[in-house]
file entry-v7.pdb (PDB, C-alpha atoms, pLDDT in the B column)
ATOM      1  CA  VAL A   1       0.109  -7.801  -6.142  1.00 95.00           C
ATOM      2  CA  ASP A   2       3.171  -9.260  -4.495  1.00 94.00           C
ATOM      3  CA  GLU A   3       5.073 -12.436  -3.832  1.00 95.00           C
ATOM      4  CA  LYS A   4       5.915 -14.234  -0.622  1.00 95.00           C
ATOM      5  CA  SER A   5       9.168 -16.026  -1.317  1.00 94.00           C
ATOM      6  CA  GLN A   6      11.060 -18.769   0.472  1.00 93.00           C
ATOM      7  CA  ILE A   7       8.028 -20.458   2.035  1.00 95.00           C
ATOM      8  CA  GLN A   8       9.620 -23.577   3.473  1.00 93.00           C
ATOM      9  CA  ALA A   9       8.157 -27.061   3.380  1.00 92.00           C
ATOM     10  CA  LEU A  10       9.192 -28.049   6.890  1.00 88.00           C
ATOM     11  CA  GLU A  11       8.392 -31.458   8.309  1.00 87.00           C
ATOM     12  CA  ARG A  12       8.479 -31.488  12.096  1.00 81.00           C
ATOM     13  CA  ALA A  13      10.690 -34.230  13.556  1.00 78.00           C
ATOM     14  CA  ALA A  14       8.021 -34.933  16.189  1.00 77.00           C
ATOM     15  CA  PRO A  15       4.275 -34.286  16.175  1.00 75.00           C
ATOM     16  CA  VAL A  16       3.039 -30.950  17.497  1.00 75.00           C
ATOM     17  CA  LEU A  17       1.626 -31.452  20.981  1.00 74.00           C
ATOM     18  CA  PRO A  18      -1.734 -29.684  21.284  1.00 79.00           C
ATOM     19  CA  MET A  19      -2.732 -27.247  23.993  1.00 84.00           C
ATOM     20  CA  GLN A  20      -3.907 -28.718  27.246  1.00 87.00           C
ATOM     21  CA  PRO A  21      -5.179 -27.097  30.428  1.00 90.00           C
ATOM     22  CA  HIS A  22      -2.314 -24.964  31.772  1.00 88.00           C
ATOM     23  CA  LEU A  23      -0.010 -25.952  28.868  1.00 85.00           C
ATOM     24  CA  ILE A  24       0.646 -24.122  25.627  1.00 85.00           C
ATOM     25  CA  GLU A  25       0.999 -25.896  22.291  1.00 76.00           C
ATOM     26  CA  ARG A  26       4.457 -27.449  22.043  1.00 73.00           C
ATOM     27  CA  ARG A  27       6.572 -28.383  19.060  1.00 73.00           C
ATOM     28  CA  SER A  28      10.032 -29.706  18.486  1.00 74.00           C
ATOM     29  CA  HIS A  29      12.647 -27.312  17.170  1.00 76.00           C
ATOM     30  CA  ASP A  30      13.938 -30.123  14.925  1.00 79.00           C
ATOM     31  CA  TYR A  31      12.669 -30.357  11.371  1.00 81.00           C
ATOM     32  CA  LEU A  32      13.471 -31.655   7.910  1.00 86.00           C
ATOM     33  CA  ARG A  33      13.474 -29.074   5.118  1.00 87.00           C
ATOM     34  CA  HIS A  34      12.015 -30.362   1.856  1.00 92.00           C
ATOM     35  CA  GLY A  35      12.418 -27.250  -0.285  1.00 94.00           C
ATOM     36  CA  THR A  36      10.679 -23.933  -0.807  1.00 95.00           C
ATOM     37  CA  THR A  37       8.008 -22.290  -2.913  1.00 96.00           C
ATOM     38  CA  THR A  38       7.074 -18.719  -3.770  1.00 96.00           C
ATOM     39  CA  LEU A  39       3.464 -17.618  -3.471  1.00 97.00           C
ATOM     40  CA  PHE A  40       2.392 -14.943  -5.959  1.00 97.00           C
ATOM     41  CA  ALA A  41      -0.899 -13.289  -5.035  1.00 97.00           C
ATOM     42  CA  ALA A  42      -3.196 -10.504  -6.183  1.00 97.00           C
ATOM     43  CA  LEU A  43      -5.888  -9.344  -3.769  1.00 96.00           C
ATOM     44  CA  ASN A  44      -9.011  -7.722  -5.165  1.00 95.00           C
ATOM     45  CA  ILE A  45      -9.806  -5.393  -2.290  1.00 92.00           C
ATOM     46  CA  ALA A  46     -13.336  -4.739  -3.595  1.00 92.00           C
ATOM     47  CA  THR A  47     -14.322  -8.415  -3.243  1.00 95.00           C
ATOM     48  CA  GLY A  48     -11.607  -9.912  -1.044  1.00 95.00           C
ATOM     49  CA  LYS A  49     -10.927 -12.604  -3.647  1.00 97.00           C
ATOM     50  CA  VAL A  50      -7.354 -13.721  -4.252  1.00 97.00           C
ATOM     51  CA  THR A  51      -5.761 -14.779  -7.532  1.00 97.00           C
ATOM     52  CA  ALA A  52      -2.647 -16.769  -6.712  1.00 97.00           C
ATOM     53  CA  CYS A  53      -0.122 -19.357  -7.787  1.00 97.00           C
ATOM     54  CA  CYS A  54       2.940 -21.049  -6.354  1.00 97.00           C
ATOM     55  CA  ARG A  55       6.181 -21.232  -8.297  1.00 96.00           C
ATOM     56  CA  PRO A  56       9.590 -22.670  -7.396  1.00 95.00           C
ATOM     57  CA  LYS A  57      11.371 -19.324  -7.998  1.00 93.00           C
ATOM     58  CA  HIS A  58      10.535 -15.628  -7.988  1.00 90.00           C
ATOM     59  CA  ARG A  59      12.306 -14.243 -11.022  1.00 94.00           C
ATOM     60  CA  HIS A  60      10.779 -11.888 -13.578  1.00 95.00           C
ATOM     61  CA  GLU A  61       9.789 -14.892 -15.747  1.00 96.00           C
ATOM     62  CA  GLU A  62       7.532 -16.291 -13.015  1.00 96.00           C
ATOM     63  CA  PHE A  63       6.206 -12.817 -12.269  1.00 96.00           C
ATOM     64  CA  LEU A  64       5.230 -12.370 -15.931  1.00 96.00           C
ATOM     65  CA  VAL A  65       3.390 -15.706 -15.900  1.00 96.00           C
ATOM     66  CA  PHE A  66       1.532 -14.487 -12.831  1.00 97.00           C
ATOM     67  CA  LEU A  67       0.662 -11.114 -14.402  1.00 97.00           C
ATOM     68  CA  ARG A  68      -0.852 -12.975 -17.354  1.00 96.00           C
ATOM     69  CA  GLN A  69      -2.859 -15.116 -14.917  1.00 97.00           C
ATOM     70  CA  VAL A  70      -4.183 -11.981 -13.198  1.00 97.00           C
ATOM     71  CA  ALA A  71      -5.158 -10.437 -16.543  1.00 96.00           C
ATOM     72  CA  ARG A  72      -6.990 -13.672 -17.506  1.00 95.00           C
ATOM     73  CA  ALA A  73      -8.809 -13.673 -14.146  1.00 96.00           C
ATOM     74  CA  TYR A  74     -10.366 -10.344 -15.190  1.00 94.00           C
ATOM     75  CA  PRO A  75     -11.050 -10.927 -18.905  1.00 91.00           C
ATOM     76  CA  ASP A  76     -13.175  -7.831 -19.595  1.00 89.00           C
ATOM     77  CA  ALA A  77     -10.964  -5.893 -22.028  1.00 82.00           C
ATOM     78  CA  GLU A  78     -12.746  -2.663 -21.089  1.00 87.00           C
ATOM     79  CA  GLN A  79     -12.007  -3.130 -17.372  1.00 91.00           C
ATOM     80  CA  GLU A  80      -8.885  -1.357 -16.161  1.00 94.00           C
ATOM     81  CA  LEU A  81      -6.733  -3.271 -13.703  1.00 95.00           C
ATOM     82  CA  HIS A  82      -4.850  -1.246 -11.100  1.00 95.00           C
ATOM     83  CA  LEU A  83      -2.043  -3.237  -9.505  1.00 95.00           C
ATOM     84  CA  VAL A  84      -0.365  -1.977  -6.352  1.00 93.00           C
ATOM     85  CA  MET A  85       3.099  -3.425  -5.804  1.00 93.00           C
ATOM     86  CA  ASP A  86       6.417  -2.675  -4.187  1.00 91.00           C
ATOM     87  CA  ASN A  87       9.613  -1.574  -5.906  1.00 88.00           C
ATOM     88  CA  TYR A  88      11.181  -5.022  -6.126  1.00 90.00           C
ATOM     89  CA  ALA A  89      13.518  -5.207  -9.147  1.00 90.00           C
ATOM     90  CA  THR A  90      11.532  -8.097 -10.657  1.00 91.00           C
ATOM     91  CA  HIS A  91       8.492  -5.811 -10.918  1.00 92.00           C
ATOM     92  CA  LYS A  92      10.502  -3.324 -12.985  1.00 92.00           C
ATOM     93  CA  HIS A  93      12.354  -5.735 -15.269  1.00 95.00           C
ATOM     94  CA  ALA A  94      12.476  -4.732 -18.957  1.00 96.00           C
ATOM     95  CA  ASP A  95      10.336  -7.739 -19.980  1.00 96.00           C
ATOM     96  CA  VAL A  96       7.715  -6.803 -17.379  1.00 96.00           C
ATOM     97  CA  ARG A  97       7.708  -3.182 -18.567  1.00 96.00           C
ATOM     98  CA  ALA A  98       7.314  -4.369 -22.172  1.00 97.00           C
ATOM     99  CA  TRP A  99       4.360  -6.582 -21.205  1.00 97.00           C
ATOM    100  CA  LEU A 100       2.731  -3.676 -19.354  1.00 96.00           C
ATOM    101  CA  GLU A 101       3.159  -1.427 -22.401  1.00 97.00           C
ATOM    102  CA  ALA A 102       1.517  -4.107 -24.570  1.00 96.00           C
ATOM    103  CA  ASN A 103      -1.372  -4.341 -22.062  1.00 96.00           C
ATOM    104  CA  PRO A 104      -2.473  -0.731 -21.512  1.00 95.00           C
ATOM    105  CA  ARG A 105      -5.506  -1.683 -19.397  1.00 96.00           C
ATOM    106  CA  VAL A 106      -3.084  -2.821 -16.655  1.00 96.00           C
ATOM    107  CA  HIS A 107      -1.851   0.098 -14.566  1.00 96.00           C
ATOM    108  CA  VAL A 108       0.891  -0.306 -11.972  1.00 95.00           C
ATOM    109  CA  HIS A 109       1.147   1.805  -8.824  1.00 93.00           C
ATOM    110  CA  PHE A 110       4.332   1.382  -6.802  1.00 92.00           C
ATOM    111  CA  THR A 111       4.262   1.820  -3.037  1.00 88.00           C
ATOM    112  CA  PRO A 112       6.854   4.128  -1.526  1.00 85.00           C
ATOM    113  CA  THR A 113      10.060   2.491  -0.316  1.00 81.00           C
ATOM    114  CA  HIS A 114       9.636   0.997   3.172  1.00 79.00           C
ATOM    115  CA  ALA A 115       5.844   1.240   2.939  1.00 78.00           C
ATOM    116  CA  SER A 116       4.839  -2.360   2.254  1.00 78.00           C
ATOM    117  CA  TRP A 117       2.043  -1.828   4.787  1.00 78.00           C
ATOM    118  CA  MET A 118       0.268   0.190   2.077  1.00 81.00           C
ATOM    119  CA  ASN A 119      -0.198  -2.938  -0.038  1.00 87.00           C
ATOM    120  CA  MET A 120      -3.202  -4.856   1.313  1.00 90.00           C
ATOM    121  CA  VAL A 121      -1.947  -8.155  -0.115  1.00 93.00           C
ATOM    122  CA  GLU A 122       0.744  -8.005   2.599  1.00 92.00           C
ATOM    123  CA  THR A 123      -2.040  -8.165   5.185  1.00 91.00           C
ATOM    124  CA  TRP A 124      -3.472 -11.163   3.364  1.00 94.00           C
ATOM    125  CA  PHE A 125      -0.031 -12.844   3.328  1.00 95.00           C
ATOM    126  CA  SER A 126       0.107 -12.407   7.100  1.00 94.00           C
ATOM    127  CA  ILE A 127      -3.296 -14.073   7.471  1.00 94.00           C
ATOM    128  CA  ALA A 128      -2.299 -16.934   5.165  1.00 95.00           C
ATOM    129  CA  GLU A 129       0.954 -17.436   7.077  1.00 94.00           C
ATOM    130  CA  ARG A 130      -0.825 -17.634  10.436  1.00 93.00           C
ATOM    131  CA  GLN A 131      -3.777 -19.743   9.314  1.00 92.00           C
ATOM    132  CA  ALA A 132      -2.338 -22.079   6.670  1.00 90.00           C
ATOM    133  CA  ILE A 133       1.438 -22.234   6.651  1.00 91.00           C
ATOM    134  CA  HIS A 134       3.159 -21.613   9.974  1.00 86.00           C
ATOM    135  CA  ARG A 135       1.803 -24.432  12.084  1.00 81.00           C
ATOM    136  CA  GLY A 136       1.840 -27.104   9.401  1.00 85.00           C
ATOM    137  CA  SER A 137       4.206 -29.985   8.862  1.00 87.00           C
ATOM    138  CA  TYR A 138       4.866 -30.721   5.183  1.00 92.00           C
ATOM    139  CA  ARG A 139       6.659 -33.759   3.767  1.00 93.00           C
ATOM    140  CA  SER A 140       7.121 -32.116   0.354  1.00 95.00           C
ATOM    141  CA  VAL A 141       6.763 -28.832  -1.507  1.00 96.00           C
ATOM    142  CA  HIS A 142       3.747 -30.360  -3.258  1.00 97.00           C
ATOM    143  CA  GLU A 143       2.091 -30.984   0.110  1.00 96.00           C
ATOM    144  CA  LEU A 144       2.824 -27.377   1.117  1.00 96.00           C
ATOM    145  CA  THR A 145       1.434 -25.903  -2.115  1.00 97.00           C
ATOM    146  CA  THR A 146      -1.660 -28.126  -1.815  1.00 96.00           C
ATOM    147  CA  ALA A 147      -2.277 -26.724   1.680  1.00 96.00           C
ATOM    148  CA  ILE A 148      -1.827 -23.171   0.377  1.00 97.00           C
ATOM    149  CA  ARG A 149      -4.221 -23.811  -2.538  1.00 97.00           C
ATOM    150  CA  ARG A 150      -6.797 -25.315  -0.150  1.00 97.00           C
ATOM    151  CA  PHE A 151      -6.536 -22.188   2.027  1.00 97.00           C
ATOM    152  CA  ILE A 152      -6.954 -19.877  -0.987  1.00 97.00           C
ATOM    153  CA  ASP A 153      -9.989 -21.804  -2.258  1.00 97.00           C
ATOM    154  CA  GLY A 154     -11.620 -21.610   1.178  1.00 97.00           C
ATOM    155  CA  TRP A 155     -10.727 -17.945   1.474  1.00 97.00           C
ATOM    156  CA  ASN A 156     -12.315 -17.132  -1.889  1.00 97.00           C
ATOM    157  CA  GLU A 157     -15.512 -19.023  -0.992  1.00 97.00           C
ATOM    158  CA  ARG A 158     -16.086 -16.752   2.001  1.00 96.00           C
ATOM    159  CA  SER A 159     -14.279 -13.609   0.827  1.00 94.00           C
ATOM    160  CA  VAL A 160     -15.370 -10.146   1.911  1.00 93.00           C
ATOM    161  CA  PRO A 161     -14.073  -6.739   0.813  1.00 91.00           C
ATOM    162  CA  PHE A 162     -10.858  -5.490   2.417  1.00 83.00           C
ATOM    163  CA  THR A 163     -11.272  -2.026   3.866  1.00 81.00           C
ATOM    164  CA  TRP A 164      -8.874   0.361   5.521  1.00 77.00           C
ATOM    165  CA  THR A 165      -9.671   1.293   9.100  1.00 81.00           C
ATOM    166  CA  LYS A 166      -7.993   4.681   8.665  1.00 79.00           C
ATOM    167  CA  THR A 167      -9.061   7.556   6.446  1.00 81.00           C
ATOM    168  CA  ALA A 168      -7.188   8.374   3.247  1.00 77.00           C
ATOM    169  CA  ASP A 169      -5.813  11.514   4.928  1.00 83.00           C
ATOM    170  CA  ASP A 170      -4.445   9.454   7.849  1.00 81.00           C
ATOM    171  CA  ILE A 171      -2.797   6.985   5.481  1.00 76.00           C
ATOM    172  CA  LEU A 172      -1.209   9.701   3.337  1.00 75.00           C
ATOM    173  CA  ALA A 173       0.008  11.558   6.429  1.00 78.00           C
ATOM    174  CA  LYS A 174       1.732   8.406   7.663  1.00 76.00           C
ATOM    175  CA  ALA A 175       3.269   7.797   4.233  1.00 72.00           C
ATOM    176  CA  LYS A 176       4.653  11.347   4.147  1.00 71.00           C
ATOM    177  CA  ARG A 177       5.900  11.523   7.746  1.00 63.00           C
ATOM    178  CA  PRO A 178       9.262  13.229   8.225  1.00 62.00           C
ATOM    179  CA  ASP A 179      12.470  11.266   8.597  1.00 58.00           C
ATOM    180  CA  THR A 180      13.137  10.177  12.163  1.00 56.00           C
ATOM    181  CA  SER A 181      16.857  10.752  11.710  1.00 53.00           C
ATOM    182  CA  ASN A 182      16.398  14.533  11.694  1.00 52.00           C
ATOM    183  CA  SER A 183      18.678  15.788  14.484  1.00 50.00           C
ATOM    184  CA  GLU A 184      17.101  19.255  14.681  1.00 55.00           C
ATOM    185  CA  HIS A 185      15.040  18.597  17.827  1.00 48.00           C
TER     186      HIS A 185
END

call {"tool": "encode", "arguments": {"input": "entry-v7.pdb", "output": "structure tokens"}}
result
Amino acid sequence: VDEKSQIQALERAAPVLPMQPHLIERRSHDYLRHGTTTLFAALNIATGKVTACCRPKHRHEEFLVFLRQVARAYPDAEQELHLVMDNYATHKHADVRAWLEANPRVHVHFTPTHASWMNMVETWFSIAERQAIHRGSYRSVHELTTAIRRFIDGWNERSVPFTWTKTADDILAKAKRPDTSNSEH
């Protein structure tokens, strides 16, 4: 679970010129900015499916709305939900903690500081950025969020499990590597 904030609805001042033989794709550096959105997403690594929503802000109130959406997406009261997330202050707000206490089937696991790579939804955000957001031209935030929703729907139709390419021991060793600032060489 995480959020990708400040996704800009940028409208290019001139059309993107497509690739041609011996020429790369070209785009103008000029744009009009029509606002931003925040994409909240939860990746089920066992299926590859994504539960997501776009909100204008990324405060604890919006995060709580999203947590409720995730819980509704998995309605089986007997099914435990394990959410991996970073240490962002919004994730630890008192209202969020109170909601988690009232929903004991939802378990939160925080990634270590500076280890966002351990949260697989970050990999999914990177894919979504490259395939759905970065190269677009959007005349409004609504147009941007529609494009994001279309991407998510297509993603979920053809989803496959997310798997690590490293072993658990390799991952844990990288997470516990010594500080590089140690001057005792």

call {"tool": "resolve_selection", "arguments": {"input": "entry-v7.pdb", "expression": "the PyMOL selection byres ((chain A and resi 48) around 12)", "output": "list in words"}}
result
Ala41, Ala42, Leu43, Asn44, Ile45, Ala46, Thr47, Lys49, Val50, Thr51, Met120, Val121, Thr123, Trp124, Ile152, Gly154, Trp155, Asn156, Glu157, Arg158, Ser159, Val160, Pro161, Phe162 and Thr163 of chain A

call {"tool": "closest_residue", "arguments": {"input": "entry-v7.pdb", "among": "A:Leu67, A:Leu17, A:Cys53, A:Ala77", "to": "Thr90 of chain A", "atoms": "all atoms listed in the file"}}
result
A:Leu67

call {"tool": "residues_around", "arguments": {"input": "entry-v7.pdb", "residues": "Glu78 of chain A", "least_positions_apart": "5", "cutoff": "12 Å", "atoms": "all atoms listed in the file", "output": "list in words"}}
result
Ala71, Asn103, Pro104, Arg105 and Val106 of chain A

call {"tool": "residues_around", "arguments": {"input": "entry-v7.pdb", "residues": "Arg33 of chain A", "least_positions_apart": "6", "cutoff": "12 Å", "atoms": "only C-alpha atoms", "output": "list of chain:residue names"}}
result
A:Gln6, A:Ile7, A:Gln8, A:Ala9, A:Leu10, A:Glu11, A:Arg12, A:Ala13, A:Ser137, A:Tyr138, A:Arg139, A:Ser140, A:Val141, A:Leu144

call {"tool": "residues_around", "arguments": {"input": "entry-v7.pdb", "residues": "His60 of chain A", "least_positions_apart": "5", "cutoff": "8 Å", "atoms": "all atoms listed in the file", "output": "list in words"}}
result
Thr90, His91, His93, Asp95 and Val96 of chain A

call {"tool": "write_last_selection", "arguments": {"input": "entry-v7.pdb", "atoms": "C-alpha atoms", "output": "PDB file, in the coordinates of the input"}}
result
ATOM      1  CA  THR A  90      11.532  -8.097 -10.657  1.00 91.00           C
ATOM      2  CA  HIS A  91       8.492  -5.811 -10.918  1.00 92.00           C
ATOM      3  CA  HIS A  93      12.354  -5.735 -15.269  1.00 95.00           C
ATOM      4  CA  ASP A  95      10.336  -7.739 -19.980  1.00 96.00           C
ATOM      5  CA  VAL A  96       7.715  -6.803 -17.379  1.00 96.00           C
TER       6      VAL A  96
END

call {"tool": "closest_residue", "arguments": {"input": "entry-v7.pdb", "among": "A:Leu64, A:Met118, A:Ile127, A:Ile148", "to": "Val84 of chain A", "atoms": "only C-alpha atoms"}}
result
A:Met118

call {"tool": "resolve_selection", "arguments": {"input": "entry-v7.pdb", "expression": "the PyMOL selection byres ((chain A and resi 4) around 7)", "output": "ChimeraX atom specification"}}
result
/A:2-3,5-6,38-40

call {"tool": "closest_residue", "arguments": {"input": "entry-v7.pdb", "among": "A:Val16, A:Trp99, A:Glu122, A:Leu83", "to": "Gly136 of chain A", "atoms": "all atoms listed in the file"}}
result
A:Val16

call {"tool": "closest_residue", "arguments": {"input": "entry-v7.pdb", "among": "A:Val1, A:His22, A:His34, A:Pro56", "to": "Tyr88 of chain A", "atoms": "only C-alpha atoms"}}
result
A:Val1

call {"tool": "resolve_selection", "arguments": {"input": "entry-v7.pdb", "expression": "the PyMOL selection byres ((chain A and resi 109) around 8)", "output": "mmCIF file with C-alpha atoms, in the frame of the given file"}}
result
data_model
loop_
_atom_site.group_PDB
_atom_site.id
_atom_site.type_symbol
_atom_site.label_atom_id
_atom_site.label_comp_id
_atom_site.auth_asym_id
_atom_site.auth_seq_id
_atom_site.Cartn_x
_atom_site.Cartn_y
_atom_site.Cartn_z
ATOM 1 C CA HIS A 82 -4.850 -1.246 -11.100
ATOM 2 C CA LEU A 83 -2.043 -3.237 -9.505
ATOM 3 C CA VAL A 84 -0.365 -1.977 -6.352
ATOM 4 C CA MET A 85 3.099 -3.425 -5.804
ATOM 5 C CA HIS A 107 -1.851 0.098 -14.566
ATOM 6 C CA VAL A 108 0.891 -0.306 -11.972
ATOM 7 C CA PHE A 110 4.332 1.382 -6.802
ATOM 8 C CA THR A 111 4.262 1.820 -3.037
#

call {"tool": "build_atoms", "arguments": {"input": "entry-v7.pdb", "residues": "segment 39-49 of chain A", "atoms": "all heavy atoms", "output": "PDB file, in the frame of the given file"}}
result
ATOM      1  N   LEU A  39       4.884 -17.865  -3.264  1.00 97.00           N
ATOM      2  CA  LEU A  39       3.464 -17.618  -3.471  1.00 97.00           C
ATOM      3  C   LEU A  39       3.288 -16.240  -4.091  1.00 97.00           C
ATOM      4  O   LEU A  39       3.669 -15.232  -3.494  1.00 97.00           O
ATOM      5  CB  LEU A  39       2.715 -17.701  -2.132  1.00 97.00           C
ATOM      6  CG  LEU A  39       1.258 -17.278  -2.111  1.00 97.00           C
ATOM      7  CD1 LEU A  39       0.415 -18.137  -3.062  1.00 97.00           C
ATOM      8  CD2 LEU A  39       0.711 -17.349  -0.692  1.00 97.00           C
ATOM      9  N   PHE A  40       2.757 -16.192  -5.303  1.00 97.00           N
ATOM     10  CA  PHE A  40       2.392 -14.943  -5.959  1.00 97.00           C
ATOM     11  C   PHE A  40       0.908 -14.736  -5.704  1.00 97.00           C
ATOM     12  O   PHE A  40       0.120 -15.679  -5.858  1.00 97.00           O
ATOM     13  CB  PHE A  40       2.632 -15.026  -7.475  1.00 97.00           C
ATOM     14  CG  PHE A  40       4.074 -15.084  -7.861  1.00 97.00           C
ATOM     15  CD1 PHE A  40       4.750 -16.291  -7.910  1.00 97.00           C
ATOM     16  CD2 PHE A  40       4.764 -13.921  -8.179  1.00 97.00           C
ATOM     17  CE1 PHE A  40       6.084 -16.343  -8.277  1.00 97.00           C
ATOM     18  CE2 PHE A  40       6.108 -13.966  -8.543  1.00 97.00           C
ATOM     19  CZ  PHE A  40       6.765 -15.184  -8.584  1.00 97.00           C
ATOM     20  N   ALA A  41       0.509 -13.524  -5.329  1.00 97.00           N
ATOM     21  CA  ALA A  41      -0.899 -13.289  -5.035  1.00 97.00           C
ATOM     22  C   ALA A  41      -1.315 -11.881  -5.440  1.00 97.00           C
ATOM     23  O   ALA A  41      -0.535 -10.927  -5.343  1.00 97.00           O
ATOM     24  CB  ALA A  41      -1.189 -13.506  -3.554  1.00 97.00           C
ATOM     25  N   ALA A  42      -2.559 -11.785  -5.888  1.00 97.00           N
ATOM     26  CA  ALA A  42      -3.196 -10.504  -6.183  1.00 97.00           C
ATOM     27  C   ALA A  42      -4.510 -10.484  -5.413  1.00 97.00           C
ATOM     28  O   ALA A  42      -5.326 -11.395  -5.553  1.00 97.00           O
ATOM     29  CB  ALA A  42      -3.460 -10.359  -7.677  1.00 97.00           C
ATOM     30  N   LEU A  43      -4.682  -9.486  -4.589  1.00 96.00           N
ATOM     31  CA  LEU A  43      -5.888  -9.344  -3.769  1.00 96.00           C
ATOM     32  C   LEU A  43      -6.791  -8.295  -4.382  1.00 96.00           C
ATOM     33  O   LEU A  43      -6.362  -7.151  -4.592  1.00 96.00           O
ATOM     34  CB  LEU A  43      -5.501  -8.934  -2.342  1.00 96.00           C
ATOM     35  CG  LEU A  43      -6.649  -8.543  -1.419  1.00 96.00           C
ATOM     36  CD1 LEU A  43      -7.502  -9.762  -1.092  1.00 96.00           C
ATOM     37  CD2 LEU A  43      -6.103  -7.911  -0.146  1.00 96.00           C
ATOM     38  N   ASN A  44      -8.011  -8.681  -4.699  1.00 95.00           N
ATOM     39  CA  ASN A  44      -9.011  -7.722  -5.165  1.00 95.00           C
ATOM     40  C   ASN A  44      -9.664  -7.154  -3.912  1.00 95.00           C
ATOM     41  O   ASN A  44     -10.467  -7.828  -3.272  1.00 95.00           O
ATOM     42  CB  ASN A  44     -10.040  -8.421  -6.052  1.00 95.00           C
ATOM     43  CG  ASN A  44     -11.086  -7.471  -6.584  1.00 95.00           C
ATOM     44  OD1 ASN A  44     -11.343  -6.419  -6.000  1.00 95.00           O
ATOM     45  ND2 ASN A  44     -11.712  -7.847  -7.681  1.00 95.00           N
ATOM     46  N   ILE A  45      -9.309  -5.933  -3.547  1.00 92.00           N
ATOM     47  CA  ILE A  45      -9.806  -5.393  -2.290  1.00 92.00           C
ATOM     48  C   ILE A  45     -11.307  -5.138  -2.309  1.00 92.00           C
ATOM     49  O   ILE A  45     -11.942  -5.123  -1.266  1.00 92.00           O
ATOM     50  CB  ILE A  45      -9.046  -4.116  -1.867  1.00 92.00           C
ATOM     51  CG1 ILE A  45      -9.184  -3.020  -2.907  1.00 92.00           C
ATOM     52  CG2 ILE A  45      -7.597  -4.435  -1.569  1.00 92.00           C
ATOM     53  CD1 ILE A  45      -8.697  -1.667  -2.438  1.00 92.00           C
ATOM     54  N   ALA A  46     -11.892  -4.986  -3.498  1.00 92.00           N
ATOM     55  CA  ALA A  46     -13.336  -4.739  -3.595  1.00 92.00           C
ATOM     56  C   ALA A  46     -14.153  -5.980  -3.259  1.00 92.00           C
ATOM     57  O   ALA A  46     -15.270  -5.876  -2.765  1.00 92.00           O
ATOM     58  CB  ALA A  46     -13.698  -4.242  -4.990  1.00 92.00           C
ATOM     59  N   THR A  47     -13.592  -7.167  -3.508  1.00 95.00           N
ATOM     60  CA  THR A  47     -14.322  -8.415  -3.243  1.00 95.00           C
ATOM     61  C   THR A  47     -13.650  -9.276  -2.183  1.00 95.00           C
ATOM     62  O   THR A  47     -14.283 -10.156  -1.608  1.00 95.00           O
ATOM     63  CB  THR A  47     -14.429  -9.270  -4.524  1.00 95.00           C
ATOM     64  OG1 THR A  47     -13.115  -9.678  -4.923  1.00 95.00           O
ATOM     65  CG2 THR A  47     -15.116  -8.501  -5.648  1.00 95.00           C
ATOM     66  N   GLY A  48     -12.363  -9.072  -1.961  1.00 95.00           N
ATOM     67  CA  GLY A  48     -11.607  -9.912  -1.044  1.00 95.00           C
ATOM     68  C   GLY A  48     -11.068 -11.169  -1.692  1.00 95.00           C
ATOM     69  O   GLY A  48     -10.352 -11.942  -1.062  1.00 95.00           O
ATOM     70  N   LYS A  49     -11.397 -11.391  -2.962  1.00 97.00           N
ATOM     71  CA  LYS A  49     -10.927 -12.604  -3.647  1.00 97.00           C
ATOM     72  C   LYS A  49      -9.437 -12.490  -3.984  1.00 97.00           C
ATOM     73  O   LYS A  49      -8.923 -11.409  -4.239  1.00 97.00           O
ATOM     74  CB  LYS A  49     -11.737 -12.850  -4.911  1.00 97.00           C
ATOM     75  CG  LYS A  49     -13.182 -13.218  -4.621  1.00 97.00           C
ATOM     76  CD  LYS A  49     -13.805 -13.955  -5.762  1.00 97.00           C
ATOM     77  CE  LYS A  49     -15.237 -14.328  -5.488  1.00 97.00           C
ATOM     78  NZ  LYS A  49     -15.428 -15.249  -4.411  1.00 97.00           N
TER      79      LYS A  49
END
